[in-house]
Each structure stands twice: as C-alpha cells, then as structure tokens.
$ cat structure-v1.tsv   # TSV, C-alpha atoms and all ligand atoms
chain	number	residue	atom	x	y	z
A	1	MET	CA	-103.42	194.25	54.72
A	2	LYS	CA	-101.27	191.18	55.29
A	3	LYS	CA	-98.17	191.20	53.12
A	4	THR	CA	-97.35	188.19	50.99
A	5	GLU	CA	-94.67	185.97	52.38
A	6	ILE	CA	-91.15	186.21	50.94
A	7	ASN	CA	-89.67	182.74	50.95
A	8	LEU	CA	-85.89	182.67	50.44
A	9	ILE	CA	-85.40	179.20	51.87
A	10	SER	CA	-84.75	177.59	48.49
A	11	ASP	CA	-85.31	177.90	44.75
A	12	THR	CA	-87.41	174.73	45.00
A	13	ILE	CA	-90.38	176.57	46.53
A	14	THR	CA	-91.61	178.12	43.26
A	15	ARG	CA	-95.05	177.30	41.90
A	16	PRO	CA	-95.73	176.81	38.19
A	17	THR	CA	-96.68	180.01	36.36
A	18	LYS	CA	-100.05	180.27	34.58
A	19	GLU	CA	-98.31	179.77	31.23
A	20	MET	CA	-96.46	176.69	32.48
A	21	LEU	CA	-99.66	175.25	33.92
A	22	SER	CA	-101.52	175.68	30.67
A	23	CYS	CA	-98.73	173.88	28.78
A	24	MET	CA	-99.01	171.07	31.31
A	25	MET	CA	-102.78	170.83	30.89
A	26	GLU	CA	-102.45	170.58	27.14
A	27	ALA	CA	-99.72	167.94	27.09
A	28	GLU	CA	-100.13	164.85	24.97
A	29	VAL	CA	-99.44	161.84	27.20
A	30	GLY	CA	-99.00	158.07	27.13
A	31	ASP	CA	-97.64	155.34	29.41
A	32	ASP	CA	-93.98	156.15	29.96
A	33	VAL	CA	-93.23	152.71	31.43
A	34	PHE	CA	-93.91	151.48	27.88
A	35	ASN	CA	-91.83	154.39	26.54
A	36	SER	CA	-94.92	155.77	24.84
A	37	ASP	CA	-95.37	159.21	26.40
A	38	PRO	CA	-94.62	161.60	23.52
A	39	THR	CA	-94.04	164.62	25.78
A	40	VAL	CA	-91.51	162.77	27.93
A	41	ILE	CA	-89.73	161.61	24.78
A	42	GLN	CA	-89.72	165.19	23.50
A	43	LEU	CA	-88.21	166.52	26.75
A	44	GLN	CA	-85.51	163.82	26.79
A	45	LYS	CA	-84.61	164.58	23.16
A	46	LYS	CA	-84.58	168.31	23.81
A	47	ILE	CA	-82.13	168.12	26.71
A	48	SER	CA	-79.83	165.61	25.02
A	49	THR	CA	-79.69	167.82	21.94
A	50	MET	CA	-78.82	170.84	24.11
A	51	PHE	CA	-75.95	169.01	25.82
A	52	GLY	CA	-74.91	166.93	22.83
A	53	THR	CA	-75.35	163.58	24.62
A	54	GLU	CA	-76.77	160.47	22.96
A	55	SER	CA	-79.65	160.09	25.34
A	56	ALA	CA	-81.48	161.29	28.46
A	57	LEU	CA	-84.01	159.97	30.97
A	58	PHE	CA	-86.71	161.74	33.02
A	59	PHE	CA	-86.70	161.22	36.81
A	60	PRO	CA	-89.03	162.29	39.62
A	61	SER	CA	-86.12	163.76	41.62
A	62	GLY	CA	-82.50	164.79	41.39
A	63	THR	CA	-81.71	162.40	44.19
A	64	MET	CA	-82.99	159.46	42.17
A	65	ALA	CA	-81.06	160.63	39.10
A	66	ASN	CA	-77.82	160.91	41.11
A	67	GLN	CA	-78.34	157.60	42.87
A	68	THR	CA	-79.06	155.90	39.54
A	69	ALA	CA	-75.79	157.31	38.18
A	70	ILE	CA	-73.87	155.99	41.20
A	71	LYS	CA	-75.50	152.57	40.71
A	72	LEU	CA	-74.61	152.63	37.00
A	73	HIS	CA	-70.93	153.27	37.60
A	74	THR	CA	-70.17	151.12	40.66
A	75	GLN	CA	-70.31	147.68	42.25
A	76	PRO	CA	-70.87	147.06	45.99
A	77	SER	CA	-67.68	147.67	48.02
A	78	ASP	CA	-66.39	150.27	45.51
A	79	GLN	CA	-65.63	153.82	46.57
A	80	LEU	CA	-66.58	157.14	45.03
A	81	ILE	CA	-64.72	160.40	45.55
A	82	CYS	CA	-66.51	163.72	46.09
A	83	ASP	CA	-66.14	166.98	47.96
A	84	LYS	CA	-67.04	166.99	51.66
A	85	TYR	CA	-69.89	169.43	50.88
A	86	SER	CA	-71.41	167.36	48.08
A	87	HIS	CA	-75.14	166.70	47.92
A	88	VAL	CA	-74.69	163.00	47.12
A	89	TYR	CA	-72.85	162.58	50.42
A	90	ASN	CA	-74.72	165.02	52.69
A	91	TYR	CA	-78.33	165.25	51.54
A	92	GLU	CA	-79.37	161.97	49.90
A	93	SER	CA	-80.08	160.01	53.08
A	94	GLY	CA	-76.97	157.89	52.74
A	95	GLY	CA	-78.25	156.48	49.45
A	96	ALA	CA	-74.82	155.70	48.03
A	97	SER	CA	-74.26	153.10	50.72
A	98	PHE	CA	-77.88	151.90	50.77
A	99	HIS	CA	-78.57	151.54	47.05
A	100	SER	CA	-75.10	150.82	45.73
A	101	GLY	CA	-73.10	149.59	48.73
A	102	VAL	CA	-70.36	152.13	48.06
A	103	SER	CA	-68.46	154.39	50.43
A	104	CYS	CA	-67.62	158.04	49.83
A	105	LYS	CA	-64.09	159.39	50.15
A	106	LEU	CA	-64.31	163.09	50.88
A	107	ILE	CA	-62.04	165.80	49.58
A	108	ASP	CA	-61.55	168.88	51.75
A	109	GLY	CA	-62.24	171.40	49.00
A	110	ASN	CA	-63.09	175.08	48.87
A	111	ARG	CA	-66.80	176.02	48.69
A	112	GLY	CA	-67.63	172.53	47.46
A	113	MET	CA	-64.93	172.47	44.78
A	114	PHE	CA	-61.55	170.72	44.77
A	115	LYS	CA	-58.41	170.71	42.65
A	116	ALA	CA	-57.27	167.97	40.29
A	117	ASP	CA	-54.11	167.69	42.40
A	118	GLN	CA	-56.17	166.95	45.51
A	119	LEU	CA	-57.96	164.16	43.66
A	120	LYS	CA	-54.71	162.48	42.55
A	121	GLY	CA	-53.72	161.57	46.08
A	122	MET	CA	-57.12	160.06	46.85
A	123	ILE	CA	-57.24	157.34	44.20
A	124	HIS	CA	-56.47	153.86	45.46
A	125	ASP	CA	-53.94	151.64	43.73
A	126	PRO	CA	-56.09	148.81	42.28
A	127	ASP	CA	-53.32	146.31	43.10
A	128	LYS	CA	-53.78	146.94	46.82
A	129	TYR	CA	-56.60	144.43	47.22
A	130	TYR	CA	-57.32	145.47	50.80
A	131	LEU	CA	-58.33	149.01	49.78
A	132	PRO	CA	-61.81	149.80	48.40
A	133	THR	CA	-61.69	150.13	44.63
A	134	THR	CA	-61.97	153.75	43.49
A	135	ARG	CA	-64.53	153.78	40.68
A	136	LEU	CA	-66.24	157.14	40.39
A	137	VAL	CA	-65.64	160.87	40.81
A	138	VAL	CA	-68.63	163.15	41.48
A	139	VAL	CA	-68.53	166.93	41.14
A	140	GLU	CA	-71.35	169.44	41.68
A	141	ASN	CA	-71.92	172.59	39.59
A	142	THR	CA	-73.08	174.94	40.96
A	143	THR	CA	-72.28	173.84	44.49
A	144	ASN	CA	-75.23	173.93	46.86
A	145	LYS	CA	-73.61	173.85	50.32
A	146	GLY	CA	-70.72	175.78	48.73
A	147	GLY	CA	-73.02	178.77	48.14
A	148	GLY	CA	-73.77	178.53	44.41
A	149	ALA	CA	-70.10	178.58	43.41
A	150	CYS	CA	-69.20	177.75	39.79
A	151	TRP	CA	-66.31	175.48	38.82
A	152	ASP	CA	-63.51	176.65	36.60
A	153	TYR	CA	-64.07	174.63	33.42
A	154	GLU	CA	-60.34	174.00	32.94
A	155	GLU	CA	-60.17	172.36	36.38
A	156	LEU	CA	-63.04	170.07	35.38
A	157	VAL	CA	-61.04	169.09	32.28
A	158	ARG	CA	-57.95	168.34	34.40
A	159	ILE	CA	-60.10	166.12	36.61
A	160	LYS	CA	-61.52	164.39	33.53
A	161	ASN	CA	-57.97	163.56	32.40
A	162	ILE	CA	-57.17	162.01	35.77
A	163	CYS	CA	-60.40	159.97	35.58
A	164	GLU	CA	-59.38	158.67	32.16
A	165	GLU	CA	-55.85	157.81	33.27
A	166	ASN	CA	-57.26	155.85	36.22
A	167	ASN	CA	-60.28	154.29	34.54
A	168	LEU	CA	-62.77	156.17	36.74
A	169	SER	CA	-66.27	157.26	35.75
A	170	TYR	CA	-67.08	160.96	36.02
A	171	HIS	CA	-70.51	162.20	37.15
A	172	LEU	CA	-71.74	165.78	37.27
A	173	ASP	CA	-74.43	166.61	39.81
A	174	GLY	CA	-75.77	169.45	37.70
A	175	ALA	CA	-78.85	170.19	39.79
A	176	ARG	CA	-78.12	173.88	39.09
A	177	ILE	CA	-75.96	173.54	35.97
A	178	PHE	CA	-78.06	176.15	34.16
A	179	ASN	CA	-77.15	178.72	36.82
A	180	ALA	CA	-73.48	178.04	36.05
A	181	LEU	CA	-74.00	178.09	32.27
A	182	VAL	CA	-75.78	181.44	32.44
A	183	ALA	CA	-73.38	182.97	34.98
A	184	LYS	CA	-70.26	181.98	33.03
A	185	ASN	CA	-71.75	182.12	29.56
A	186	GLU	CA	-70.74	178.52	28.85
A	187	ASP	CA	-71.97	176.07	26.22
A	188	PRO	CA	-73.94	173.07	27.53
A	189	LYS	CA	-72.22	170.88	24.92
A	190	SER	CA	-68.86	171.43	26.59
A	191	TYR	CA	-70.35	169.69	29.65
A	192	GLY	CA	-72.07	166.96	27.67
A	193	ASN	CA	-68.68	166.09	26.18
A	194	LEU	CA	-66.86	165.95	29.47
A	195	PHE	CA	-68.92	163.71	31.74
A	196	ASP	CA	-70.08	160.09	31.63
A	197	THR	CA	-73.36	161.11	33.28
A	198	ILE	CA	-75.01	164.43	34.17
A	199	SER	CA	-78.05	165.00	36.39
A	200	ILE	CA	-80.08	168.19	35.99
A	201	CYS	CA	-82.97	169.53	38.11
A	202	LEU	CA	-85.98	171.16	36.48
A	203	SER	CA	-87.54	171.97	39.85
A	204	LYS	CA	-84.96	174.46	41.14
A	205	GLY	CA	-84.19	177.72	39.36
A	206	LEU	CA	-86.02	176.56	36.25
A	207	GLY	CA	-89.29	176.63	38.16
A	208	ALA	CA	-90.92	173.30	37.23
A	209	PRO	CA	-92.95	171.66	40.02
A	210	ILE	CA	-91.04	168.37	39.76
A	211	GLY	CA	-88.54	166.55	37.60
A	212	SER	CA	-84.90	165.86	36.87
A	213	LEU	CA	-83.00	164.40	33.96
A	214	LEU	CA	-80.06	162.06	33.63
A	215	LEU	CA	-77.94	162.50	30.49
A	216	SER	CA	-75.54	159.91	29.14
A	217	SER	CA	-74.74	157.50	26.32
A	218	GLU	CA	-77.53	155.37	24.84
A	219	GLU	CA	-76.02	152.29	26.45
A	220	ASN	CA	-75.94	153.85	29.93
A	221	ILE	CA	-79.48	155.19	29.61
A	222	GLN	CA	-80.79	151.75	28.62
A	223	ARG	CA	-79.27	150.43	31.86
A	224	ALA	CA	-80.56	153.45	33.80
A	225	ILE	CA	-84.16	152.66	32.75
A	226	ARG	CA	-83.87	149.34	34.58
A	227	ILE	CA	-82.30	150.96	37.66
A	228	ARG	CA	-84.96	153.70	37.75
A	229	LYS	CA	-87.66	151.00	37.73
A	230	LEU	CA	-85.79	149.08	40.42
A	231	PHE	CA	-85.81	152.25	42.56
A	232	GLY	CA	-89.56	152.64	42.04
A	233	GLY	CA	-89.26	155.52	39.60
A	234	GLY	CA	-91.10	154.10	36.58
A	235	MET	CA	-93.88	156.60	35.85
A	236	ARG	CA	-97.02	156.48	33.72
A	237	GLN	CA	-98.76	159.54	32.12
A	238	VAL	CA	-95.97	161.77	33.27
A	239	GLY	CA	-95.95	163.92	30.14
A	240	TYR	CA	-98.00	166.46	32.11
A	241	LEU	CA	-94.89	167.02	34.22
A	242	ALA	CA	-92.43	166.74	31.34
A	243	ALA	CA	-94.40	169.55	29.66
A	244	ALA	CA	-93.48	171.80	32.57
A	245	GLY	CA	-89.84	170.91	31.98
A	246	ILE	CA	-90.06	171.74	28.26
A	247	TYR	CA	-91.68	175.07	29.09
A	248	ALA	CA	-88.98	175.79	31.68
A	249	LEU	CA	-86.15	175.06	29.22
A	250	ASP	CA	-87.78	177.37	26.67
A	251	HIS	CA	-88.65	180.26	28.98
A	252	HIS	CA	-86.81	180.12	32.30
A	253	VAL	CA	-83.14	179.72	31.45
A	254	GLU	CA	-82.04	183.23	30.45
A	255	ARG	CA	-84.02	184.77	33.30
A	256	LEU	CA	-81.72	183.04	35.82
A	257	LYS	CA	-79.57	186.16	35.32
A	258	GLU	CA	-82.21	188.15	37.20
A	259	ASP	CA	-81.97	185.77	40.16
A	260	HIS	CA	-78.21	186.22	40.15
A	261	GLU	CA	-78.50	190.02	40.08
A	262	ARG	CA	-80.98	190.04	42.97
A	263	ALA	CA	-78.73	187.71	44.96
A	264	ALA	CA	-75.83	190.13	44.46
A	265	VAL	CA	-77.93	193.05	45.71
A	266	LEU	CA	-79.07	191.03	48.73
A	267	GLY	CA	-75.46	190.11	49.45
A	268	LYS	CA	-74.39	193.77	49.46
A	269	ALA	CA	-77.22	194.69	51.83
A	270	LEU	CA	-76.35	191.82	54.16
A	271	GLU	CA	-72.72	192.83	54.11
A	272	SER	CA	-73.60	196.29	55.41
A	273	SER	CA	-76.01	195.00	58.07
A	274	ASN	CA	-74.59	195.19	61.57
A	275	TRP	CA	-75.91	191.69	62.28
A	276	VAL	CA	-73.69	190.16	59.65
A	277	ASP	CA	-70.03	189.28	59.97
A	278	LYS	CA	-69.22	187.86	56.57
A	279	VAL	CA	-70.95	187.12	53.27
A	280	GLU	CA	-69.44	184.41	51.08
A	281	PRO	CA	-68.67	185.33	47.46
A	282	ILE	CA	-71.85	185.37	45.35
A	283	GLU	CA	-71.67	183.88	41.86
A	284	THR	CA	-75.23	182.74	41.21
A	285	ASN	CA	-78.51	182.64	43.17
A	286	ILE	CA	-77.32	181.41	46.57
A	287	VAL	CA	-76.08	183.69	49.36
A	288	ILE	CA	-74.43	182.16	52.41
A	289	PHE	CA	-73.52	184.44	55.31
A	290	GLN	CA	-72.38	184.35	58.89
A	291	LEU	CA	-73.71	186.44	61.77
A	292	LYS	CA	-71.42	188.39	64.08
A	293	GLU	CA	-70.31	186.76	67.27
A	294	GLY	CA	-72.96	187.23	69.92
A	295	CYS	CA	-75.77	187.51	67.37
A	296	ASP	CA	-78.28	184.75	67.90
A	297	GLU	CA	-79.22	183.01	64.65
A	298	ASN	CA	-82.70	182.12	65.92
A	299	ILE	CA	-83.45	185.69	66.95
A	300	PHE	CA	-82.36	186.95	63.53
A	301	ILE	CA	-84.53	184.38	61.74
A	302	GLN	CA	-87.51	185.18	63.99
A	303	LEU	CA	-87.12	188.93	63.45
A	304	LEU	CA	-87.29	188.44	59.70
A	305	GLU	CA	-90.20	186.05	60.03
A	306	LYS	CA	-92.16	188.79	61.80
A	307	HIS	CA	-91.78	190.69	58.53
A	308	GLN	CA	-92.90	187.65	56.51
A	309	ILE	CA	-89.37	186.86	55.30
A	310	LYS	CA	-88.11	183.30	55.53
A	311	MET	CA	-84.58	181.96	55.33
A	312	ILE	CA	-82.79	178.83	56.48
A	313	SER	CA	-79.88	177.90	58.73
A	314	MET	CA	-77.15	175.74	57.20
A	315	GLY	CA	-75.61	174.84	60.56
A	316	GLU	CA	-72.15	175.89	61.79
A	317	GLY	CA	-73.51	179.43	62.26
A	318	LYS	CA	-74.23	179.89	58.56
A	319	LEU	CA	-77.48	181.21	57.10
A	320	ARG	CA	-78.65	180.91	53.50
A	321	VAL	CA	-80.93	182.83	51.18
A	322	VAL	CA	-81.76	181.67	47.66
A	323	THR	CA	-83.34	183.81	44.96
A	324	HIS	CA	-85.80	182.35	42.45
A	325	LEU	CA	-88.65	182.83	40.00
A	326	ASP	CA	-91.14	183.82	42.70
A	327	PHE	CA	-88.90	186.53	44.17
A	328	ASN	CA	-89.30	189.83	42.32
A	329	ASP	CA	-87.88	193.36	42.59
A	330	GLN	CA	-90.70	194.57	44.86
A	331	MET	CA	-89.93	191.76	47.29
A	332	LEU	CA	-86.24	192.57	47.06
A	333	ASP	CA	-87.01	196.17	48.08
A	334	ARG	CA	-89.05	194.93	51.02
A	335	VAL	CA	-86.17	192.74	52.21
A	336	LEU	CA	-83.71	195.64	51.88
A	337	ASN	CA	-86.03	197.87	53.94
A	338	VAL	CA	-86.51	195.26	56.63
A	339	LEU	CA	-82.76	194.69	56.87
A	340	LYS	CA	-82.35	198.43	57.53
A	341	ARG	CA	-85.15	198.49	60.08
A	342	ILE	CA	-83.76	195.65	62.16
A	343	GLU	CA	-80.29	197.20	62.52
A	344	ARG	CA	-79.11	196.74	66.08
B	401	LIG	C1	-81.55	169.73	44.96
B	401	LIG	C2	-80.30	169.04	44.64
B	401	LIG	C3	-80.30	167.69	44.22
B	401	LIG	C4	-81.53	166.85	44.06
B	401	LIG	O1	-82.51	167.08	44.93
B	401	LIG	P1	-84.01	166.54	44.81
B	401	LIG	O2	-84.68	167.32	45.87
B	401	LIG	O3	-83.96	165.09	45.07
B	401	LIG	O4	-84.53	166.85	43.44
B	401	LIG	C5	-79.08	167.14	43.91
B	401	LIG	N1	-77.96	167.84	44.00
B	401	LIG	C6	-77.92	169.12	44.37
B	401	LIG	C7	-76.63	169.85	44.40
B	401	LIG	C8	-79.09	169.77	44.71
B	401	LIG	O5	-79.06	171.05	45.09
$ encode --input "structure-v1.tsv" --output "structure tokens" --more "lines below"
Ligand SMILES: *Cc1c(COP(=O)(O)O)cnc(C)c1O
Amino acid sequence: MKKTEINLISDTITRPTKEMLSCMMEAEVGDDVFNSDPTVIQLQKKISTMFGTESALFFPSGTMANQTAIKLHTQPSDQLICDKYSHVYNYESGGASFHSGVSCKLIDGNRGMFKADQLKGMIHDPDKYYLPTTRLVVVENTTNKGGGACWDYEELVRIKNICEENNLSYHLDGARIFNALVAKNEDPKSYGNLFDTISICLSKGLGAPIGSLLLSSEENIQRAIRIRKLFGGGMRQVGYLAAAGIYALDHHVERLKEDHERAAVLGKALESSNWVDKVEPIETNIVIFQLKEGCDENIFIQLLEKHQIKMISMGEGKLRVVTHLDFNDQMLDRVLNVLKRIER
C-alpha cells in the first residue's frame, strides 16, 4: 500500500477539515465590496475584539495586508527599517518599492530579530534632506526565515518607544503571531496596544484555506479599504472564506501547542542524525537545520522523498521543516523511523 505523503514544506499546505468546510458551506454571505457580507464583518469584529484594536479588514493574502500597511504609513521616496530576514523585504516580490516607492534599510539581526539599540543608529535625521526619510519600522513575530523565533515583548516595547520619539509608524508582520502568543502565553491585547498596524495570517498554522487580516485604528482601516481596492483586493461573497477564519480562531489556536511539541521532537531527532551538523533553537513550529560538511542537500531531500517525506531548502545550506494541522503523531513516528534508517 502506498503511504500518504508527509509534507513538511510549510504550514500553508493544510486543507480545511470537514468541520471547517461545513462552516464555510453554511456561511451567510453578501457583497463585501458594499461592506454587506455579515460573515466578513463578524470575522473582522472578532479579531479586533481579541486584539483590542478599533477595527480590522479581511485580505486575500498576508502579502497584500503587509503591502497595504506599508502604503498606509509611507510616501514614495520614504524608507522603512526591517530585519535583513524579514518577509516584507525577501518574499513579497519587491512590493515595497513597487507599490509604495519606498526602500528598505536592513538591520543585521539575530534569527530575524534586532535590538532597539541597533534601530537607533539606523534612523535618518529628518533635517538631512539628502537622506531618505525614515517613516516606518516593521518587525515579524514569529520570524519565518529566522526559524519561528519569538520576540522578547520588552524589546518590542523599547522599539515602540524609539518609534514614538522619532515619529515613526510601527507595523507587526504577525503572519504567525498566534504561534508566538501560544508559545509564550501572551495576551493578544498587549500586541494590539503596541502597534499601529498588525497583519495576521489565517492560512498558516490556523489551517484556513486562504485569508489574512489587517488590524488598526478605524481611521487607518477606512484608508486601507481604498488601498485594498486599489491593489485589486476588493472581494464579493467572501464570507464563505471568512467563515473558515472564524472556525480557525475558535478551534485551531490552542492546538498550535501540538505543532510546537512535534517540532521539538523532530528537532531532537535531527540533532542526533549523522547527516545533521546543527539545528537552530526551536521555539514554535519551524525547524531550521544545517547538514554536515560534505553532505549533499539534494541527496538528503531525495532520500526523504523516496519515503514520501517532503521538506524545503532555504538556501545557504539550510533546510527547513514546518509542523502543522495535517501532521499528526503517526506521521511524526514515520519521520523518526526514516531518519534512523537513512543514517550514513
Ligand atoms: C506567509 C507570510 C506572509 C504572507 O504570505 P502570503 O502567502 O501572502 O499570505 C507574511 N509574512 C510572513 C512572515 C509570512 O510567513
């Protein structure tokens, strides 16, 4: 019998559960471009209540939510500051320069996170007219390229204070903020208070097929509706998809703990494999590891693929596995067995 594939490429590969699908099928819908889809309105209210923000807006993707936030906070020729690993800089097709005409100044942080002190030296003096105007700081929690690392909340507060002193907007790319909240037992409201805008993905660990949210003040969200339309993201009877998001927020948040536990077990097994040189610290559902010198990444990936296990290369000799809703304990056991069997 052919074994089912184990896909550890990303937490975006999950398919809606039966229960989620039936919620979607039963959703009450309307035309969201006319702000008359009751399920979308319900989802937006639900998330803004959780985070204690005035308002929220539903987006087809996290990229569009982030790019809308950048557009909200900047004018062409401005500069934003982010970590060199950040998604907005690396994985959004250069959107910051295309949509908003802004450049990114990169901080050389640690696992996608930087210190308030590093930020201080990066902010341009507004009187120096020949320098791009610093307007926005973007942080990512958890960090994606940084291996699911969680920020220290106090550091985020120190950065907030610097933003205030320098009149900079503060955006959180919270694609996986729920992984951080669960891992560190934090209150979403403490994040809602801190940032001018927050983007959140429903289609990662939360297991919805599509959807992201942007959270902010009522005034910013009113402007964001126009920008979303400008970007082609005005949607019609999209309550069917918002229903998946509501279901995910009700049923798939606490279970992120299981993903984190399985990632930790995987990390231990990888650490003891004689293919692997080093596993980065594991805080949530992402495991990044490096193979030993002389071990060919492609051969390792192909070996696992023969056993129906998929993972992805992150470049620079790093590999990544991500645990998720469609990866259970039986599959974990299979991966552990295969790792033993392919010892060199
Ligand atoms: C996935 C992700 C996004 C958004 O990605 P989409 O595929 O456009 O939904 C943004 N930031 C981070 C850190 C991500 O991991």
$ residues_near_ligand --input "structure-v1.tsv" --ligand "ligand LIG 401 (chain B)" --cutoff "6 Å" --atoms "all atoms listed in the file" --output "count of residues only"
9
$ residues_around --input "structure-v1.tsv" --residues "A:Thr197" --least-positions-apart "3" --cutoff "10 Å" --atoms "all atoms listed in the file" --output "ChimeraX atom specification"
/A:53,56,65-66,68-70,72-73,138,169-174,191-194,214-217,220-221
$ closest_residue --input "structure-v1.tsv" --among "A:Leu249, A:Gln308, A:Val276, A:Arg111" --to "A:Glu293" --atoms "only C-alpha atoms"
A:Val276
$ atom_distance --input "structure-v1.tsv" --atom1 "atom CA of A:Pro38" --atom2 "atom CA of A:Lys204"
23.9 Å
$ residues_around --input "structure-v1.tsv" --residues "A:Ile312" --least-positions-apart "4" --cutoff "9 Å" --atoms "all atoms listed in the file" --output "list in words"
Leu8, Ile9, Ser10, Ile301, Lys318, Leu319, Arg320 and Val321 of chain A
$ closest_residue --input "structure-v1.tsv" --among "A:Arg135, A:Leu119, A:Ile177, A:Ile225" --to "A:Asn161" --atoms "only C-alpha atoms"
A:Leu119
$ closest_residue --input "structure-v1.tsv" --among "A:Cys82, A:Ile198, A:Ala96, A:Cys104" --to "A:Gln118" --atoms "only C-alpha atoms"
A:Cys82
$ atom_distance --input "structure-v1.tsv" --atom1 "atom CA of A:Ala264" --atom2 "atom CA of A:Trp151"
18.4 Å
$ closest_residue --input "structure-v1.tsv" --among "A:Ser203, A:Asn90, A:Ile123, A:Pro281" --to "A:Tyr247" --atoms "only C-alpha atoms"
A:Ser203
$ closest_residue --input "structure-v1.tsv" --among "A:Leu156, A:Leu202, A:Leu136, A:Met64" --to "A:Ile246" --atoms "only C-alpha atoms"
A:Leu202
